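For reference, run05.cif is printed below; it contains mmCIF, C-alpha atoms.
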data_run
loop_
_atom_site.label_atom_id
_atom_site.label_comp_id
_atom_site.auth_asym_id
_atom_site.auth_seq_id
_atom_site.Cartn_x
_atom_site.Cartn_y
_atom_site.Cartn_z
CA MET A 655 0.00 0.00 0.00
CA GLU A 656 1.40 3.41 -0.92
CA SER A 657 2.04 6.01 1.73
CA CYS A 658 1.80 9.75 1.62
CA GLY A 659 5.28 10.32 3.03
CA ARG A 660 4.12 12.86 5.64
CA SER A 661 4.75 11.92 9.26
CA SER A 662 1.64 13.72 10.48
CA CYS A 663 -0.49 11.74 8.07
CA CYS A 664 1.17 8.33 7.98
CA ALA A 665 1.07 8.01 11.74
CA ARG A 666 -2.70 8.39 11.79
CA CYS A 667 -3.91 7.66 8.27
CA PRO A 668 -4.26 3.92 7.53
CA TYR A 669 -6.45 4.62 4.52
CA CYS A 670 -3.89 6.63 2.54
CA ARG A 671 -2.96 4.97 -0.73
CA CYS A 672 -2.90 7.48 -3.57
CA THR A 673 -0.52 10.00 -2.07
CA GLY A 674 3.04 10.34 -3.21
CA THR A 675 2.24 8.63 -6.50
CA GLU A 676 4.49 9.66 -9.36
CA VAL A 677 2.72 11.17 -12.33
CA ALA A 678 2.97 9.13 -15.51
CA GLU A 679 4.93 10.65 -18.36
CA GLU A 680 1.93 10.58 -20.67
CA GLU A 681 -0.87 11.88 -18.50
CA THR A 682 -4.29 12.48 -20.02
CA MET A 683 -7.27 14.47 -18.83
CA ASP A 684 -9.09 11.23 -18.06
CA ASP A 685 -6.59 10.28 -15.36
CA ILE A 686 -7.63 11.00 -11.79
CA VAL A 687 -5.11 13.12 -9.89
CA PHE A 688 -5.30 13.28 -6.11
CA ARG A 689 -3.74 15.72 -3.67
CA SER A 690 -1.34 14.54 -0.99
CA ASP A 691 -4.02 14.50 1.70
CA THR A 692 -6.61 12.55 -0.32
CA VAL A 693 -8.04 9.25 0.96
CA LEU A 694 -9.66 6.79 -1.49
CA SER A 695 -11.41 3.53 -0.67
CA ASP A 696 -10.41 0.38 -2.54
CA ILE A 697 -14.10 -0.34 -3.03
CA HIS A 698 -14.37 2.62 -5.41
CA LEU A 699 -10.93 2.23 -6.97
CA HIS A 700 -11.39 -1.42 -7.93
CA THR A 701 -15.06 -2.01 -8.61
CA PRO A 702 -15.21 -4.12 -11.76
CA LYS A 703 -17.73 -3.30 -14.47
CA GLU A 704 -19.50 -0.64 -12.42
CA ARG A 705 -20.50 2.85 -13.49
CA HIS A 706 -19.92 5.59 -10.98
CA LEU A 707 -22.38 8.32 -11.90
CA MET A 708 -21.78 11.78 -10.52
CA VAL A 709 -25.23 13.01 -9.52
CA ARG A 710 -24.63 16.18 -7.53
CA LEU A 711 -22.36 18.17 -5.26
CA ASN A 712 -22.86 17.79 -1.51
CA GLY A 713 -23.17 20.60 1.00
CA VAL A 714 -19.40 21.15 1.16
CA GLY A 715 -18.85 21.05 -2.61
CA GLN A 716 -17.63 17.45 -2.93
CA PRO A 717 -18.77 15.38 -5.95
CA VAL A 718 -21.33 12.72 -5.01
CA PHE A 719 -21.47 9.50 -7.04
CA LEU A 720 -24.17 6.85 -7.29
CA SER A 721 -22.98 3.25 -7.34
CA GLN A 722 -24.88 -0.02 -7.48
CA PHE A 723 -23.74 -3.06 -5.50
CA LYS A 724 -25.16 -6.45 -6.38
CA LEU A 725 -26.43 -9.05 -3.93
CA LEU A 726 -25.26 -12.54 -4.91
CA ARG A 727 -27.55 -14.63 -2.72
CA LYS A 728 -31.14 -13.48 -2.74
CA GLN A 729 -32.37 -16.89 -3.95
CA THR A 730 -33.00 -19.95 -1.86
CA ASP A 731 -30.19 -22.49 -1.54
CA VAL A 732 -31.86 -24.81 -4.05
CA GLU A 733 -32.21 -22.06 -6.65
CA PHE A 734 -28.64 -20.98 -6.01
CA GLU A 735 -27.22 -24.46 -6.54
CA LYS A 736 -29.21 -24.88 -9.76
CA LYS A 737 -27.87 -21.59 -11.06
CA TYR A 738 -24.25 -22.56 -10.42
CA LYS A 739 -24.41 -26.34 -10.96
CA ASN A 740 -21.95 -26.04 -13.89
CA ALA A 741 -19.43 -23.96 -11.96
CA PHE A 742 -17.07 -26.96 -11.58
CA THR A 743 -13.38 -26.29 -12.29
CA ILE A 744 -10.34 -28.57 -12.48
CA GLU A 745 -8.47 -26.38 -10.02
CA ASN A 746 -11.22 -27.05 -7.46
CA GLY A 747 -11.70 -30.70 -8.31
CA ARG A 748 -12.89 -31.46 -4.80
CA GLY A 749 -15.68 -28.91 -5.01
CA GLY A 750 -16.00 -26.25 -2.35
CA ARG A 751 -16.26 -22.52 -3.07
CA ARG A 752 -14.51 -20.05 -5.29
CA GLY A 753 -12.89 -16.95 -3.85
CA ASP A 754 -16.03 -14.90 -4.54
CA GLY A 755 -18.18 -17.15 -2.38
CA ILE A 756 -20.06 -18.90 -5.24
CA PRO A 757 -20.29 -22.63 -4.51
CA LEU A 758 -18.68 -25.05 -6.95
CA ILE A 759 -21.02 -28.02 -7.51
CA LEU A 760 -19.57 -31.34 -8.65
CA GLY A 761 -21.30 -33.61 -11.15
CA HIS A 762 -22.91 -36.88 -10.06
CA ASN A 763 -20.02 -38.97 -11.40
CA LYS A 764 -16.74 -37.48 -10.24
CA ASN A 765 -14.45 -39.66 -12.40
CA GLU A 766 -16.51 -39.04 -15.51
CA THR A 767 -16.53 -35.30 -14.90
CA LEU A 768 -12.75 -35.22 -14.38
CA SER A 769 -12.15 -37.30 -17.51
CA LYS A 770 -14.25 -35.01 -19.68
CA GLY A 771 -12.59 -31.95 -18.16
CA ILE A 772 -9.09 -33.25 -18.91
CA ASP A 773 -10.01 -34.27 -22.48
CA CYS A 774 -11.12 -30.72 -23.18
CA LEU A 775 -7.63 -29.49 -22.30
CA LEU A 776 -5.82 -31.77 -24.76
CA ASP A 777 -5.24 -31.23 -28.48
CA ALA A 778 -5.43 -33.89 -31.23
CA ASP A 779 -1.92 -35.19 -30.40
CA GLY A 780 -2.65 -35.45 -26.70
CA ASP A 781 -0.62 -32.39 -25.77
CA LEU A 782 -1.85 -30.05 -23.06
CA GLU A 783 -3.29 -26.84 -24.44
CA VAL A 784 -2.56 -23.88 -22.18
CA VAL A 785 -4.66 -20.74 -22.47
CA ARG A 786 -2.16 -17.95 -22.00
CA ARG A 787 -2.74 -14.44 -20.80
CA PRO A 788 -2.69 -11.96 -23.71
CA GLN A 789 0.42 -9.85 -24.13
CA CYS A 790 0.18 -6.38 -22.64
CA THR A 791 1.53 -3.35 -24.41
CA SER A 792 2.13 -1.32 -21.26
CA THR A 793 2.83 -1.80 -17.58
CA LEU A 794 -0.45 -0.10 -16.71
CA GLN A 795 -2.38 -2.85 -18.51
CA ALA A 796 -0.30 -5.54 -16.81
CA GLU A 797 -1.07 -4.39 -13.28
CA ASP A 798 -4.18 -6.49 -12.85
CA LEU A 799 -6.31 -7.80 -15.71
CA SER A 800 -9.08 -8.82 -13.30
CA ARG A 801 -9.75 -5.22 -12.35
CA GLU A 802 -10.87 -2.21 -14.29
CA LYS A 803 -9.81 1.36 -13.79
CA VAL A 804 -12.56 3.54 -12.41
CA CYS A 805 -13.61 6.25 -14.85
CA PRO A 806 -16.44 8.24 -13.29
CA MET A 807 -19.24 9.18 -15.67
CA VAL A 808 -20.56 12.67 -15.03
CA LEU A 809 -24.25 13.28 -15.60
CA MET A 810 -24.57 16.36 -17.78
CA LYS A 811 -27.53 18.69 -17.83
CA GLY A 812 -30.18 17.34 -20.18
CA GLY A 813 -28.81 13.80 -20.05
CA GLU A 814 -30.66 12.58 -17.00
CA ASP A 815 -33.22 10.78 -19.13
CA LEU A 816 -30.52 8.31 -20.20
CA TYR A 817 -30.69 6.74 -16.74
CA GLU A 818 -34.23 7.61 -15.78
CA GLU A 819 -35.55 4.14 -16.50
CA GLU A 820 -32.72 2.51 -14.57
CA GLU A 821 -33.15 4.83 -11.60
CA GLN A 822 -36.87 4.14 -11.39
CA GLU A 823 -36.36 0.39 -11.44
CA CYS A 824 -36.50 -1.15 -7.96
CA ARG A 825 -34.58 -4.41 -7.89
CA ASN A 826 -34.30 -6.59 -4.82
CA ASP A 827 -30.77 -7.71 -5.70
CA ILE A 828 -29.25 -4.21 -6.07
CA ILE A 829 -28.16 -1.79 -3.35
CA LYS A 830 -27.87 1.83 -4.51
CA ILE A 831 -25.45 3.98 -2.55
CA GLU A 832 -24.58 7.64 -2.96
CA HIS A 833 -21.03 8.39 -1.80
CA THR A 834 -17.95 10.46 -2.44
CA MET A 835 -14.85 8.94 -3.99
CA ALA A 836 -11.92 10.92 -2.59
CA THR A 837 -12.02 12.86 0.67
CA PRO A 838 -9.82 14.23 3.42
CA LEU A 839 -9.37 11.90 6.38
CA GLU A 840 -12.08 13.62 8.40
CA ASP A 841 -14.65 12.79 5.70
CA VAL A 842 -13.88 9.09 5.16
CA GLY A 843 -17.37 8.23 6.38
CA LYS A 844 -18.73 9.51 3.08
CA GLN A 845 -17.08 6.61 1.24
CA VAL A 846 -17.88 2.89 1.29
CA TRP A 847 -15.35 0.59 2.95
CA ARG A 848 -14.76 -3.15 2.83
CA GLY A 849 -15.59 -3.60 6.51
CA ALA A 850 -19.18 -2.53 5.83
CA PHE A 851 -19.50 -5.28 3.22
CA LEU A 852 -18.01 -7.88 5.56
CA LEU A 853 -20.42 -7.01 8.36
CA ALA A 854 -23.35 -6.97 5.93
CA ASP A 855 -22.26 -10.41 4.69
CA TYR A 856 -22.36 -11.80 8.22
CA ILE A 857 -25.78 -10.31 8.88
CA LEU A 858 -27.13 -12.02 5.77
CA PHE A 859 -25.45 -15.28 6.84
CA ASP A 860 -26.53 -15.43 10.51
CA GLN A 861 -29.99 -13.95 10.08
CA ASP A 862 -31.46 -15.52 13.23
CA ALA A 863 -29.16 -13.36 15.36
CA PHE A 864 -30.70 -10.18 13.91
CA ARG A 865 -34.25 -11.07 12.90
CA CYS A 866 -36.94 -8.74 14.27
CA ARG A 867 -34.49 -7.09 16.68
CA THR A 868 -33.69 -3.45 17.31
CA LEU A 869 -30.19 -2.62 16.08
CA LEU A 870 -27.91 0.36 16.71
CA GLU A 871 -25.07 1.12 14.29
CA LEU A 872 -22.28 3.45 15.42
CA GLY A 873 -20.46 5.32 12.67
CA GLY A 874 -22.90 4.18 10.00
CA GLY A 875 -21.38 6.39 7.27
CA THR A 876 -23.25 5.94 3.98
CA GLY A 877 -25.66 3.49 5.66
CA LEU A 878 -24.91 0.36 3.61
CA THR A 879 -24.69 -1.99 6.60
CA SER A 880 -27.83 -0.56 8.21
CA ILE A 881 -29.78 -0.92 4.96
CA ILE A 882 -28.79 -4.58 4.66
CA ALA A 883 -29.56 -5.16 8.35
CA ALA A 884 -33.00 -3.57 7.96
CA THR A 885 -34.02 -6.31 5.51
CA ILE A 886 -33.92 -8.68 8.50
CA ALA A 887 -34.18 -6.64 11.71
CA GLY A 888 -37.27 -4.94 13.10
CA ARG A 889 -35.79 -1.45 13.50
CA VAL A 890 -32.32 0.00 12.86
CA TYR A 891 -30.89 3.22 14.29
CA CYS A 892 -28.10 4.32 11.94
CA THR A 893 -25.97 6.95 13.68
CA ASP A 894 -23.02 9.19 12.82
CA VAL A 895 -22.03 12.85 13.03
CA GLY A 896 -22.03 15.70 10.52
CA GLU A 897 -25.15 17.09 8.88
CA ASP A 898 -23.85 16.53 5.34
CA LEU A 899 -22.89 12.90 6.03
CA LEU A 900 -26.21 12.17 7.74
CA ALA A 901 -28.07 13.73 4.78
CA THR A 902 -26.22 11.36 2.43
CA CYS A 903 -27.08 8.42 4.68
CA GLU A 904 -30.73 9.44 4.77
CA GLN A 905 -30.75 9.70 0.97
CA ASN A 906 -29.37 6.15 0.68
CA VAL A 907 -32.01 4.86 3.08
CA ARG A 908 -34.61 6.52 0.86
CA LEU A 909 -33.11 5.05 -2.34
CA ASN A 910 -33.37 1.52 -0.91
CA ARG A 911 -36.60 1.81 1.04
CA HIS A 912 -38.25 -0.85 -1.13
CA LEU A 913 -35.83 -3.38 0.42
CA TRP A 914 -36.52 -2.73 4.09
CA GLU A 915 -40.18 -1.73 3.72
CA LEU A 916 -40.78 -5.09 2.08
CA ALA A 917 -39.52 -6.70 5.29
CA GLY A 918 -41.73 -4.47 7.44
CA SER A 919 -38.69 -2.85 9.04
CA GLU A 920 -37.68 0.75 9.71
CA VAL A 921 -34.42 2.73 9.47
CA LYS A 922 -33.91 5.90 11.49
CA VAL A 923 -30.90 8.14 10.78
CA LYS A 924 -29.74 9.90 13.94
CA GLU A 925 -26.80 11.87 15.27
CA LEU A 926 -24.60 10.20 17.87
CA ASP A 927 -21.31 11.88 18.76
CA TRP A 928 -18.80 9.64 20.56
CA LEU A 929 -17.10 12.70 22.05
CA LYS A 930 -20.28 13.74 23.86
CA ASP A 931 -21.86 12.00 26.82
CA GLY A 932 -25.51 12.41 25.85
CA LEU A 933 -27.68 12.25 22.76
CA CYS A 934 -28.73 15.31 20.79
CA THR A 935 -32.31 16.16 21.81
CA ASP A 936 -32.56 19.70 20.43
CA PRO A 937 -35.77 19.71 18.34
CA GLU A 938 -34.30 22.43 16.13
CA ALA A 939 -31.26 20.34 15.23
CA PRO A 940 -31.52 17.95 12.27
CA TYR A 941 -31.28 14.24 13.07
CA SER A 942 -31.88 14.80 16.79
CA TRP A 943 -33.53 12.21 19.04
CA SER A 944 -37.04 12.45 20.39
CA GLU A 945 -37.84 11.20 23.89
CA ALA A 946 -39.80 8.32 22.41
CA GLU A 947 -36.87 7.28 20.20
CA ILE A 948 -34.42 7.40 23.10
CA ALA A 949 -36.74 5.28 25.23
CA ASP A 950 -37.25 2.80 22.38
CA MET A 951 -33.51 2.47 21.75
CA TYR A 952 -32.62 1.95 25.41
CA ASN A 953 -35.55 -0.40 26.05
CA HIS A 954 -35.22 -2.62 22.99
CA ALA A 955 -31.78 -2.40 21.34
CA SER A 956 -29.92 -5.69 21.75
CA VAL A 957 -27.35 -5.56 18.93
CA ILE A 958 -24.73 -2.88 18.25
CA LEU A 959 -22.82 -2.70 14.94
CA ALA A 960 -19.69 -0.85 13.83
CA ALA A 961 -17.78 -1.30 10.57
CA ASP A 962 -14.34 0.10 9.73
CA VAL A 963 -14.47 3.02 12.16
CA PHE A 964 -11.10 2.38 13.87
CA TYR A 965 -8.64 4.61 12.02
CA ASP A 966 -7.80 7.25 14.64
CA ASP A 967 -6.57 6.48 18.17
CA ASP A 968 -8.56 9.26 19.83
CA LEU A 969 -11.77 8.26 18.04
CA THR A 970 -11.16 4.60 18.87
CA ASP A 971 -10.90 5.50 22.58
CA ALA A 972 -14.06 7.59 22.27
CA PHE A 973 -15.85 4.69 20.56
CA PHE A 974 -15.10 2.22 23.35
CA GLY A 975 -16.07 4.82 25.95
CA THR A 976 -19.41 5.27 24.16
CA LEU A 977 -19.81 1.50 23.92
CA ARG A 978 -19.36 1.05 27.66
CA ARG A 979 -21.79 3.88 28.39
CA LEU A 980 -24.47 2.53 26.03
CA THR A 981 -24.25 -1.08 27.24
CA GLY A 982 -24.46 0.19 30.81
CA TYR A 983 -27.64 2.11 30.03
CA LEU A 984 -29.18 -0.86 28.21
CA ASN A 985 -28.68 -3.06 31.30
CA ARG A 986 -29.33 -6.28 29.38
CA VAL A 987 -27.33 -8.81 27.43
CA CYS A 988 -26.16 -7.04 24.29
CA THR A 989 -24.14 -8.39 21.34
CA ILE A 990 -21.67 -6.14 19.53
CA TYR A 991 -20.16 -6.87 16.10
CA LEU A 992 -17.05 -4.97 15.05
CA ALA A 993 -15.57 -5.18 11.54
CA ILE A 994 -12.09 -3.87 10.83
CA GLU A 995 -9.48 -4.00 8.08
CA LYS A 996 -5.85 -4.30 9.14
CA ARG A 997 -3.99 -1.68 7.08
CA LEU A 998 -0.21 -1.74 6.68
CA ASN A 999 1.59 1.61 6.46
CA PHE A 1000 5.15 2.80 6.38
CA THR A 1001 5.61 5.46 9.04
CA LEU A 1002 8.44 7.97 9.25
CA ARG A 1003 8.15 7.87 13.03
CA SER A 1004 9.19 4.23 13.25
CA MET A 1005 10.83 3.96 9.80
CA ASP A 1006 9.09 0.62 9.40
CA ILE A 1007 5.85 -1.05 8.31
CA ALA A 1008 3.25 -0.84 11.06
CA CYS A 1009 -0.49 -1.23 11.78
CA GLU A 1010 -0.76 1.43 14.44
CA ALA A 1011 -4.52 2.00 14.26
CA TYR A 1012 -5.17 -1.76 14.28
CA SER A 1013 -2.79 -2.31 17.20
CA HIS A 1014 -4.55 0.40 19.20
CA PHE A 1015 -7.91 -1.23 18.41
CA ARG A 1016 -6.67 -4.61 19.65
CA ASP A 1017 -5.34 -3.03 22.85
CA ALA A 1018 -8.70 -1.34 23.46
CA LEU A 1019 -10.49 -4.63 22.79
CA SER A 1020 -8.23 -6.47 25.27
CA ASN A 1021 -8.82 -3.80 27.89
CA LEU A 1022 -12.56 -4.17 27.42
CA ALA A 1023 -12.37 -7.94 27.85
CA SER A 1024 -10.31 -7.63 31.04
CA LEU A 1025 -12.56 -4.97 32.57
CA ARG A 1026 -13.82 -5.90 36.04
CA ASP A 1027 -15.90 -3.06 37.40
CA GLY A 1028 -18.68 -5.18 38.90
CA GLU A 1029 -21.29 -3.74 36.53
CA MET A 1030 -20.68 -5.28 33.09
CA LYS A 1031 -18.75 -8.28 31.81
CA TYR A 1032 -17.48 -8.25 28.22
CA THR A 1033 -16.65 -11.48 26.40
CA VAL A 1034 -14.59 -11.00 23.23
CA GLU A 1035 -14.05 -13.54 20.45
CA PRO A 1036 -13.12 -13.43 16.76
CA VAL A 1037 -15.62 -14.58 14.15
CA ARG A 1038 -14.29 -17.05 11.57
CA LEU A 1039 -14.77 -15.71 8.06
CA ALA A 1040 -15.92 -19.07 6.74
CA PHE A 1041 -19.39 -17.84 5.84
CA CYS A 1042 -20.37 -17.36 2.21
CA GLN A 1043 -20.05 -14.06 0.40
CA SER A 1044 -23.34 -12.39 -0.48
CA LEU A 1045 -22.05 -9.07 -1.86
CA VAL A 1046 -19.59 -8.34 -4.64
CA TYR A 1047 -16.35 -7.08 -3.06
CA GLU A 1048 -12.81 -8.29 -2.41
CA ARG A 1049 -12.69 -10.20 0.87
CA ILE A 1050 -8.99 -9.84 1.62
CA GLU A 1051 -7.17 -11.64 4.44
CA GLN A 1052 -6.69 -8.37 6.35
CA LEU A 1053 -10.43 -8.19 7.11
CA GLU A 1054 -11.51 -9.23 10.60
CA LEU A 1055 -14.83 -9.52 12.43
CA TRP A 1056 -15.10 -9.51 16.22
CA LYS A 1057 -18.01 -10.42 18.47
CA VAL A 1058 -18.41 -8.89 21.93
CA VAL A 1059 -21.09 -9.98 24.37
CA ALA A 1060 -21.92 -7.51 27.14
CA GLU A 1061 -23.62 -8.99 30.22
CA PRO A 1062 -24.78 -7.02 33.29
CA GLN A 1063 -23.38 -8.37 36.60
CA THR A 1064 -26.02 -6.93 38.90
#
Whole structure, structure tokens version:
Amino acid sequence: MESCGRSSCCARCPYCRCTGTEVAEEETMDDIVFRSDTVLSDIHLHTPKERHLMVRLNGVGQPVFLSQFKLLRKQTDVEFEKKYKNAFTIENGRGGRRGDGIPLILGHNKNETLSKGIDCLLDADGDLEVVRRPQCTSTLQAEDLSREKVCPMVLMKGGEDLYEEEEQECRNDIIKIEHTMATPLEDVGKQVWRGAFLLADYILFDQDAFRCRTLLELGGGTGLTSIIAATIAGRVYCTDVGEDLLATCEQNVRLNRHLWELAGSEVKVKELDWLKDGLCTDPEAPYSWSEAEIADMYNHASVILAADVFYDDDLTDAFFGTLRRLTGYLNRVCTIYLAIEKRLNFTLRSMDIACEAYSHFRDALSNLASLRDGEMKYTVEPVRLAFCQSLVYERIEQLELWKVVAEPQT
């Protein structure tokens, strides 16, 4: 992963990847150029065969794009196996699953299937025919043929009708998300991150743990995880800070309302600042809490979610302080799911590769598990990522999911 080369950034910025990049000799106007303090999510940089449509400017003048993310498993297991019954490959001769989570189904006769597969790879003389990768004319093309460079398509005035039919179509296997693509570190919540996909995957996998429950997401960002959770849960409170970010989240909830309304659920977008002790109850403030909503959340919430919000040590400490305060107010058994991506960075402070934000997160998690204050007991365990993939994204080995169970001791 590339680093920005600035000590003040590298020590605190695990997302940084486009900074310090040398400009190609033959640069065109279509190439995206980022400033040294720009943060860009891999989700947007390497989204194959997706159109990123610029739809508007947000309240602070940043371009807002509309992306569509496809659900892989909306069918029943039987329908899914029928769809992919021919997905057998020689490399996975024992069956199992491909890297994208799609099951590989073997034929009824294993030996016959293997024999036919091998015959297809041989020429008339019995020699093995190898399908070779096409020659590349430049190093840029050779970087990764499985990925496509993102070229945002800007909606021009008078051209909206080109996508009007697509925008009006409500599909149950598509999630529409408005987001920015490159932001300063303080605005990373306006992008979509891999941890949100991982947590959404787990929710779709272990549906019984979330069905008909009241959920609270901390640092919900664009709202992707909350939207997925609302297709199963009874009510979801999606919280974050910043009026512009919360407006984007509310817009995404509105774009996908056909998904959670079909399930009879509800999504409420609210402000929750980890650096403040209480909830915002000012009726004049947007996204404030009413007394009824506060009572409902404290009386019924039993699951807390957070995805990829551990990138700053001070905010991580504030998060765990908020978590302890909320679980203490709930005064019931509560399950917390935390998704995080371990990001490697070269820091000038240590002159070495480090995962400082991840290390601080693990320390905070260990401190929570060892807490003995007589009021709450926290049990921490990692979740094995053996569950199937239901959304299209790159599930890299640096992704982790943690489960915390908070139990009152009095």
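In this model, the gap between CA of Phe974 (chain A) and CA of Val895 (chain A) comes to 16.4 Å.
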Who sits within 12 Å of Val921 (chain A), all atoms listed in the file, same chain under 5 positions skipped, as a PyMOL selection string: chain A and resi 868-871+874+877-893+903-908+910-915+947
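Relative to CA of Leu852 (chain A), CA of Leu933 (chain A) is found at 28.2 Å.
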Enumerate, as a ChimeraX atom specification, the residues matched when the PyMOL selection byres ((chain A and resi 1054) around 10) is run on the file above. /A:849,852-853,962,992-996,1036-1039,1049-1053,1055-1056
Next, the residues of the selection above should be written as a JSON list (two decimals), keeping the file's coordinate frame with C-alpha atoms.
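Result file part38.json:
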[["chain", "number", "residue", "atom", "x", "y", "z"],
["A", 849, "GLY", "CA", -15.59, -3.60, 6.51],
["A", 852, "LEU", "CA", -18.01, -7.88, 5.56],
["A", 853, "LEU", "CA", -20.42, -7.01, 8.36],
["A", 962, "ASP", "CA", -14.34, 0.10, 9.73],
["A", 992, "LEU", "CA", -17.05, -4.97, 15.05],
["A", 993, "ALA", "CA", -15.57, -5.18, 11.54],
["A", 994, "ILE", "CA", -12.09, -3.87, 10.83],
["A", 995, "GLU", "CA", -9.48, -4.00, 8.08],
["A", 996, "LYS", "CA", -5.85, -4.30, 9.14],
["A", 1036, "PRO", "CA", -13.12, -13.43, 16.76],
["A", 1037, "VAL", "CA", -15.62, -14.58, 14.15],
["A", 1038, "ARG", "CA", -14.29, -17.05, 11.57],
["A", 1039, "LEU", "CA", -14.77, -15.71, 8.06],
["A", 1049, "ARG", "CA", -12.69, -10.20, 0.87],
["A", 1050, "ILE", "CA", -8.99, -9.84, 1.62],
["A", 1051, "GLU", "CA", -7.17, -11.64, 4.44],
["A", 1052, "GLN", "CA", -6.69, -8.37, 6.35],
["A", 1053, "LEU", "CA", -10.43, -8.19, 7.11],
["A", 1055, "LEU", "CA", -14.83, -9.52, 12.43],
["A", 1056, "TRP", "CA", -15.10, -9.51, 16.22]]
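Note that the spacing between CA of Leu899 (chain A) and CA of Gly843 (chain A) amounts to 7.2 Å.
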Find the residue from A:Gly932, A:Gly715, A:Pro838, A:Gly1028 that sits nearest to Leu980 (chain A); use all atoms listed in the file when measuring. A:Gly932
Which neighbours of Thr989 (chain A) fall inside 6 Å, counting only C-alpha atoms, when residues of the same chain fewer than 2 positions from it are skipped, and could you give them as JSON, numbers by chain? {"A": [957, 1058, 1059]}
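Residues with any atom within 9 Å of Met1030 (chain A), counting only C-alpha atoms and excluding same-chain neighbours fewer than 5 positions away, are Arg978, Thr981, Gly982, Asn985, Leu1025, Ala1060, Glu1061, Pro1062, Gln1063 and Thr1064 of chain A.
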Check which residues satisfy the PyMOL selection byres ((chain A and resi 1020) around 12) in the file shown, then give them as a ChimeraX atom specification. /A:974,1013-1019,1021-1025,1032-1035,1056,1058
Applying the PyMOL selection byres ((chain A and resi 832) around 12) to the file I just gave you, which residues come out? Please list them as a VMD selection string. chain A and resid 698 706 to 712 717 to 723 829 to 831 833 to 835 843 to 846 875 to 878 899 to 910
Would you mind listing what lies within 9 Å of His954 (chain A) as a ChimeraX atom specification, with all atoms listed in the file counted and same-chain residues fewer than 2 positions away left out? /A:867-869,949-952,956,984
Which residues, written as a PyMOL selection string, have at least one atom at most 12 Å from Ala939 (chain A), with only C-alpha atoms counted and residues fewer than 5 positions away on the same chain left out? chain A and resi 896-897+924-925+933-934+944
Which centre and edge lengths in Å to one decimal define the box along x, y and z that fits every listed atom of region 968-973 of chain A plus 5 Å per side, as JSON?
{"center_x": -12.2, "center_y": 6.9, "center_z": 20.3, "size_x": 17.3, "size_y": 14.7, "size_z": 14.5}
